[in-house]
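Right, one structure below, let's go through it.
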Amino acid sequence: MYVVTGGAGFIGSNIVWALEQGGLGKVIVCDRLGEGDKWRNIANRDLADIVAPDDVFEFLEDNASNVEAVIHMGAISSTTETDADLIINNNFHMSVHLWQWCTQHRVRFIYASSAATYGDGGQGFDDDGSVAALSGLRPLNAYGWSKHLFDRRVARMNADQEPRPPQWAGLKFFNVYGPNEYHKDRMRSVVSQVYPNARDGKPAVLYKSHHPDYPDGGQLRDFVWIGDCIDIIVWLLATPNVNGLFNCGTGKARSFEDLTKAVFGALGKKPDITYIDTPVEIRAKYQYFTEAKMDRLHAAGYDKPFTALEDGVEEYVKSFLDADDPFR
């Protein structure tokens with residue numbers, strides 16, 4: 001069986017779908033569903049159980065001999081959350097305890113890191129997982145720091161040759177877009193936020209650039225289709241000898257203008273974009289460029305091409321956002 005923490009969330013629920021599609025075994029979702037529509041992310045799935053995070057270690061102990069892998073996507077992912085104690089408890093301590101459990105019981109462990117660990121990108125976007133390389137990164141918010149803290153803990157444990165799970169992999173997700181992100185509100189991808197306006201004949205709203213090197217709409221991100229993220233995780237599960245910290249992006253930065261034009265194009269409409277000032281409270285920490293360096297993942301043996309931005313956006317719009325049922 002496979003235990004997916006955060007399994008009702010955006011990336012987690014897509015992983016649950018992939019596990020079911022592949023017939024890999026029983027799937028257990030560990031998550032909190034709350035009072036909104038988050039439950040709809042897993043409403044179509046054939047699940048063995050849904051376990052609250054507070055009960056996950058009891059569940060794991062009771063089923064230790066049957067767990068093939070723990071896929072740890074659960075976290076407080078809001079970059080604007082200010083309660084650092086809450087973030088550390090959820091994002092760091094939980095990760096450490098799951099690593100220790102998987103080590104003790106010889107269970108494979110795949111976890112979500114984040115491109116937020118790179119901070120303003122001044123040190124580049126190289127997924128070098130060594131102690132020395134990670135020490136130079138400076139995340140800009142508590143969320144990014146909590147992910148970075150665990151990456152550094154893993155690096156230190158490996159450097160000190162401490163016991164570890166039989167397979168481990170951390171994935172630094174860049175700007176992922178795709179179905180089942182609707183519960184994320186303002187943290188949804190720009191594709192999801194632009195779509196309603198484009199559908200209704202209204203202009204898309206993007207932030208102006210406040211950097212002389214980038215025109216309005218020319219801010220660059222590594223936008224990655226959720227299907228590519230799923231493919232990497234399925235590949236890791238099928239390749240148990242691969243361990244390490246890897247970027248999860250495309251390796252090619254594209255502009256917000258490109259992304260927005262792709263949404264309009266998928267709907268067969270002419271692009272219409274309005275620019276507004278970037279809020280002052282986030283302006284100083286705004287990233288103008290992210291681009292994953294993908295050499296290490298390719299060197300490890302992953303050779304599937306990544307989905308082009310226009311193709312991923314078209315799939316998202318036509319198969320989900322513009323469909324009667326937008327959920328995976």
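Naming works like this for the structure tokens: A, B, ... for the chains as they're shown, residue 1 at the start of each chain, ligands 1 onward in shown order.
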Selection: 10 Å around Trp235 of chain A, only C-alpha atoms, excl. self and same-chain fewer than 5 positions, as a ChimeraX atom specification: /A:229-230,240,242,301-302,304
If DSSP is run on the backbone, what residues of segment 49-272 of chain A are alpha helix (DSSP H)? A reply as a PyMOL selection string would be ideal. chain A and resi 56-62+84-87+94-105+131-135+142-159+190-199+226-238+256-266
How would the residues just chosen look if you wrote them out with C-alpha atoms as a PDB file, in the first residue's frame?
ATOM      1  CA  VAL A  56      -0.957   8.700  10.744  1.00  0.00           C
ATOM      2  CA  PHE A  57       1.796   7.195  12.889  1.00  0.00           C
ATOM      3  CA  GLU A  58      -0.636   4.888  14.655  1.00  0.00           C
ATOM      4  CA  PHE A  59      -1.900   3.810  11.232  1.00  0.00           C
ATOM      5  CA  LEU A  60       1.649   3.284   9.962  1.00  0.00           C
ATOM      6  CA  GLU A  61       2.571   1.159  12.980  1.00  0.00           C
ATOM      7  CA  ASP A  62      -0.524  -0.977  12.539  1.00  0.00           C
ATOM      8  CA  ALA A  84       6.350  30.121  11.988  1.00  0.00           C
ATOM      9  CA  ASP A  85       5.810  27.726  14.914  1.00  0.00           C
ATOM     10  CA  LEU A  86       2.821  26.205  13.135  1.00  0.00           C
ATOM     11  CA  ILE A  87       4.784  25.916   9.896  1.00  0.00           C
ATOM     12  CA  MET A  94       6.376  15.911  10.594  1.00  0.00           C
ATOM     13  CA  SER A  95       8.884  15.326   7.792  1.00  0.00           C
ATOM     14  CA  VAL A  96      11.642  14.322  10.220  1.00  0.00           C
ATOM     15  CA  HIS A  97       9.368  11.874  12.014  1.00  0.00           C
ATOM     16  CA  LEU A  98       8.215  10.290   8.751  1.00  0.00           C
ATOM     17  CA  TRP A  99      11.833   9.965   7.587  1.00  0.00           C
ATOM     18  CA  GLN A 100      12.713   8.245  10.852  1.00  0.00           C
ATOM     19  CA  TRP A 101       9.726   5.899  10.612  1.00  0.00           C
ATOM     20  CA  CYS A 102      10.549   4.953   7.021  1.00  0.00           C
ATOM     21  CA  THR A 103      14.179   4.369   7.992  1.00  0.00           C
ATOM     22  CA  GLN A 104      13.225   2.117  10.882  1.00  0.00           C
ATOM     23  CA  HIS A 105      10.720   0.073   8.871  1.00  0.00           C
ATOM     24  CA  VAL A 131      25.545  20.367   2.886  1.00  0.00           C
ATOM     25  CA  ALA A 132      27.783  23.117   1.484  1.00  0.00           C
ATOM     26  CA  ALA A 133      25.535  24.017  -1.453  1.00  0.00           C
ATOM     27  CA  LEU A 134      22.352  24.125   0.612  1.00  0.00           C
ATOM     28  CA  SER A 135      23.987  26.344   3.231  1.00  0.00           C
ATOM     29  CA  ALA A 142       8.781  30.870   6.498  1.00  0.00           C
ATOM     30  CA  TYR A 143       7.313  28.286   4.144  1.00  0.00           C
ATOM     31  CA  GLY A 144      10.423  28.201   1.969  1.00  0.00           C
ATOM     32  CA  TRP A 145      12.648  28.139   5.038  1.00  0.00           C
ATOM     33  CA  SER A 146      10.781  25.172   6.554  1.00  0.00           C
ATOM     34  CA  LYS A 147      11.275  23.176   3.345  1.00  0.00           C
ATOM     35  CA  HIS A 148      14.914  24.224   3.177  1.00  0.00           C
ATOM     36  CA  LEU A 149      15.431  23.261   6.805  1.00  0.00           C
ATOM     37  CA  PHE A 150      14.367  19.690   6.068  1.00  0.00           C
ATOM     38  CA  ASP A 151      16.491  19.515   2.908  1.00  0.00           C
ATOM     39  CA  ARG A 152      19.479  20.543   5.027  1.00  0.00           C
ATOM     40  CA  ARG A 153      18.610  17.998   7.722  1.00  0.00           C
ATOM     41  CA  VAL A 154      18.523  15.244   5.107  1.00  0.00           C
ATOM     42  CA  ALA A 155      21.832  16.426   3.646  1.00  0.00           C
ATOM     43  CA  ARG A 156      23.457  16.386   7.080  1.00  0.00           C
ATOM     44  CA  MET A 157      22.124  12.904   7.902  1.00  0.00           C
ATOM     45  CA  ASN A 158      23.469  11.590   4.600  1.00  0.00           C
ATOM     46  CA  ALA A 159      26.823  13.331   5.058  1.00  0.00           C
ATOM     47  CA  VAL A 190      -2.175  31.959 -12.699  1.00  0.00           C
ATOM     48  CA  VAL A 191      -3.815  29.661 -15.278  1.00  0.00           C
ATOM     49  CA  SER A 192      -6.666  28.943 -12.883  1.00  0.00           C
ATOM     50  CA  GLN A 193      -6.977  32.600 -11.904  1.00  0.00           C
ATOM     51  CA  VAL A 194      -6.916  33.947 -15.474  1.00  0.00           C
ATOM     52  CA  TYR A 195      -9.370  31.389 -16.871  1.00  0.00           C
ATOM     53  CA  PRO A 196     -12.684  32.836 -15.514  1.00  0.00           C
ATOM     54  CA  ASN A 197     -11.964  36.281 -16.953  1.00  0.00           C
ATOM     55  CA  ALA A 198     -10.847  34.886 -20.277  1.00  0.00           C
ATOM     56  CA  ARG A 199     -13.947  32.696 -20.442  1.00  0.00           C
ATOM     57  CA  ILE A 226       1.084  18.561 -13.077  1.00  0.00           C
ATOM     58  CA  GLY A 227       1.250  15.586 -15.436  1.00  0.00           C
ATOM     59  CA  ASP A 228       5.020  15.975 -15.654  1.00  0.00           C
ATOM     60  CA  CYS A 229       5.305  16.010 -11.852  1.00  0.00           C
ATOM     61  CA  ILE A 230       3.247  12.824 -11.653  1.00  0.00           C
ATOM     62  CA  ASP A 231       5.426  11.152 -14.288  1.00  0.00           C
ATOM     63  CA  ILE A 232       8.563  11.903 -12.259  1.00  0.00           C
ATOM     64  CA  ILE A 233       7.080  10.408  -9.095  1.00  0.00           C
ATOM     65  CA  VAL A 234       5.833   7.294 -10.897  1.00  0.00           C
ATOM     66  CA  TRP A 235       9.296   6.939 -12.427  1.00  0.00           C
ATOM     67  CA  LEU A 236      10.927   7.217  -9.008  1.00  0.00           C
ATOM     68  CA  LEU A 237       8.643   4.480  -7.661  1.00  0.00           C
ATOM     69  CA  ALA A 238       9.657   2.271 -10.581  1.00  0.00           C
ATOM     70  CA  PHE A 256       3.324  35.417 -17.405  1.00  0.00           C
ATOM     71  CA  GLU A 257       2.284  37.035 -20.673  1.00  0.00           C
ATOM     72  CA  ASP A 258       3.021  33.765 -22.504  1.00  0.00           C
ATOM     73  CA  LEU A 259       0.994  31.838 -19.942  1.00  0.00           C
ATOM     74  CA  THR A 260      -1.951  34.216 -20.153  1.00  0.00           C
ATOM     75  CA  LYS A 261      -1.952  34.219 -23.961  1.00  0.00           C
ATOM     76  CA  ALA A 262      -2.007  30.411 -23.831  1.00  0.00           C
ATOM     77  CA  VAL A 263      -5.183  30.476 -21.720  1.00  0.00           C
ATOM     78  CA  PHE A 264      -6.937  32.799 -24.175  1.00  0.00           C
ATOM     79  CA  GLY A 265      -5.631  30.706 -27.057  1.00  0.00           C
ATOM     80  CA  ALA A 266      -7.014  27.507 -25.575  1.00  0.00           C
TER      81      ALA A 266
END
For segment 288-293 of chain A, list every protein, DNA or RNA residue within 7 Å, evaluated using only C-alpha atoms, and leave out those in the same chain fewer than 6 positions away; present the list as a list in words. Gly121, Phe125, Asp126, Asp127, Gln219, Leu220, Arg221, Asp222, Asn247, Gly249, Thr250, Gly251, Lys252 and Ala253 of chain A
Just N, CA and C atoms for this one: save the residues we selected as a PDB file, in the first residue's frame.
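Here's the written file selection_38.pdb:
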ATOM      1  N   GLY A 121      16.675  33.694  -5.906  1.00  0.00           N
ATOM      2  CA  GLY A 121      17.357  33.102  -7.055  1.00  0.00           C
ATOM      3  C   GLY A 121      18.759  33.604  -7.269  1.00  0.00           C
ATOM      4  N   PHE A 125      19.539  28.130  -9.426  1.00  0.00           N
ATOM      5  CA  PHE A 125      18.490  27.136  -9.194  1.00  0.00           C
ATOM      6  C   PHE A 125      19.038  25.733  -9.427  1.00  0.00           C
ATOM      7  N   ASP A 126      20.214  25.505  -8.870  1.00  0.00           N
ATOM      8  CA  ASP A 126      20.891  24.210  -8.991  1.00  0.00           C
ATOM      9  C   ASP A 126      20.496  23.333  -7.818  1.00  0.00           C
ATOM     10  N   ASP A 127      19.960  22.140  -8.104  1.00  0.00           N
ATOM     11  CA  ASP A 127      19.498  21.239  -7.044  1.00  0.00           C
ATOM     12  C   ASP A 127      20.631  20.405  -6.440  1.00  0.00           C
ATOM     13  N   GLN A 219       7.795  39.028 -16.465  1.00  0.00           N
ATOM     14  CA  GLN A 219       8.353  38.276 -15.352  1.00  0.00           C
ATOM     15  C   GLN A 219       8.332  36.785 -15.710  1.00  0.00           C
ATOM     16  N   LEU A 220       9.417  36.093 -15.384  1.00  0.00           N
ATOM     17  CA  LEU A 220       9.609  34.728 -15.874  1.00  0.00           C
ATOM     18  C   LEU A 220       9.515  33.686 -14.759  1.00  0.00           C
ATOM     19  N   ARG A 221       8.859  32.578 -15.051  1.00  0.00           N
ATOM     20  CA  ARG A 221       8.741  31.464 -14.124  1.00  0.00           C
ATOM     21  C   ARG A 221       8.924  30.156 -14.893  1.00  0.00           C
ATOM     22  N   ASP A 222       9.319  29.135 -14.155  1.00  0.00           N
ATOM     23  CA  ASP A 222       9.349  27.778 -14.699  1.00  0.00           C
ATOM     24  C   ASP A 222       7.998  27.137 -14.386  1.00  0.00           C
ATOM     25  N   ASN A 247      15.216  18.953  -8.721  1.00  0.00           N
ATOM     26  CA  ASN A 247      14.257  19.959  -9.169  1.00  0.00           C
ATOM     27  C   ASN A 247      13.110  19.284  -9.911  1.00  0.00           C
ATOM     28  N   GLY A 249      10.780  20.861 -12.431  1.00  0.00           N
ATOM     29  CA  GLY A 249      10.352  21.940 -13.305  1.00  0.00           C
ATOM     30  C   GLY A 249      10.505  21.480 -14.734  1.00  0.00           C
ATOM     31  N   THR A 250      10.597  22.411 -15.679  1.00  0.00           N
ATOM     32  CA  THR A 250      10.801  22.027 -17.072  1.00  0.00           C
ATOM     33  C   THR A 250      12.195  22.366 -17.568  1.00  0.00           C
ATOM     34  N   GLY A 251      12.858  23.288 -16.851  1.00  0.00           N
ATOM     35  CA  GLY A 251      14.162  23.761 -17.310  1.00  0.00           C
ATOM     36  C   GLY A 251      14.062  24.915 -18.283  1.00  0.00           C
ATOM     37  N   LYS A 252      12.843  25.439 -18.489  1.00  0.00           N
ATOM     38  CA  LYS A 252      12.667  26.549 -19.427  1.00  0.00           C
ATOM     39  C   LYS A 252      11.717  27.579 -18.834  1.00  0.00           C
ATOM     40  N   ALA A 253      12.214  28.759 -18.530  1.00  0.00           N
ATOM     41  CA  ALA A 253      11.377  29.828 -17.984  1.00  0.00           C
ATOM     42  C   ALA A 253      10.525  30.440 -19.088  1.00  0.00           C
TER      43      ALA A 253
END
Atom CA of Pro279 of chain A to atom CA of Ala115 of chain A, distance in Å rounded to a single decimal: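 Separation between atom CA of Pro279 of chain A and atom CA of Ala115 of chain A: 21.7 Å.
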Would you mind writing down, as a count of residues only, each residue of segment 110-300 of chain A that DSSP on the backbone assigns to strand (DSSP E or B)? 34
Test item: residues at most 8 Å from Tyr286 of chain A, only C-alpha atoms, excluding those fewer than 3 positions along its chain, as a ChimeraX atom specification: /A:120,282-283
List as a PyMOL selection string the protein and nucleic acid residues near Ile273 of chain A, meaning an atom at most 6 Å away when only C-alpha atoms are counted, but skip any in the same chain fewer than 4 places from it. chain A and resi 203-205
Once you have the residues from the selection above, write them out as a JSON list (two decimals), in the first residue's frame, restricted to N, CA and C atoms.
[["chain", "number", "residue", "atom", "x", "y", "z"],
["A", 203, "PRO", "N", -10.78, 41.18, -19.29],
["A", 203, "PRO", "CA", -9.31, 41.15, -19.36],
["A", 203, "PRO", "C", -8.70, 40.36, -18.21],
["A", 204, "ALA", "N", -7.63, 39.67, -18.50],
["A", 204, "ALA", "CA", -6.84, 39.04, -17.43],
["A", 204, "ALA", "C", -6.08, 40.14, -16.69],
["A", 205, "VAL", "N", -5.86, 39.94, -15.41],
["A", 205, "VAL", "CA", -5.18, 40.94, -14.59],
["A", 205, "VAL", "C", -3.84, 40.38, -14.14]]
If we count only C-alpha atoms and set the cut-off at 10 Å, which residues sit around Gly122 of chain A, ignoring sequence neighbours fewer than 6 positions away in its own chain? Please answer as a PDB file with N, CA and C atoms, in the first residue's frame.
ATOM      1  N   GLY A 136      24.143  27.863   1.316  1.00  0.00           N
ATOM      2  CA  GLY A 136      24.188  29.181   0.696  1.00  0.00           C
ATOM      3  C   GLY A 136      22.840  29.734   0.273  1.00  0.00           C
ATOM      4  N   LEU A 137      21.777  28.932   0.360  1.00  0.00           N
ATOM      5  CA  LEU A 137      20.454  29.391  -0.071  1.00  0.00           C
ATOM      6  C   LEU A 137      19.781  30.209   1.025  1.00  0.00           C
ATOM      7  N   ARG A 138      18.991  31.198   0.619  1.00  0.00           N
ATOM      8  CA  ARG A 138      18.331  32.099   1.561  1.00  0.00           C
ATOM      9  C   ARG A 138      16.851  32.257   1.193  1.00  0.00           C
ATOM     10  N   PHE A 289      12.456  35.899 -11.833  1.00  0.00           N
ATOM     11  CA  PHE A 289      12.950  34.820 -12.684  1.00  0.00           C
ATOM     12  C   PHE A 289      13.140  33.549 -11.865  1.00  0.00           C
TER      13      PHE A 289
END
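When atom CA of Ala323 of chain A is paired with atom CA of Lys26 of chain A, their separation reads 28.8 Å.
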Show me, as a ChimeraX atom specification, the residues that have an atom within 12 Å of Tyr182 of chain A when counting only C-alpha atoms, minus same-chain residues fewer than 5 positions from it. /A:8-11,36-41,177,187-193,195,320-321,326-328
Measuring atom to atom with only C-alpha atoms, identify which of A:Gly244, A:Pro53, A:Gly312, A:Pro271 is nearest to Gly6 of chain A.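 Of A:Gly244, A:Pro53, A:Gly312, A:Pro271, the one nearest Gly6 of chain A is A:Pro53, counting only C-alpha atoms.
The two atoms in question, atom CA of Gly217 of chain A and atom CA of Ala284 of chain A, are spaced 17.4 Å apart.
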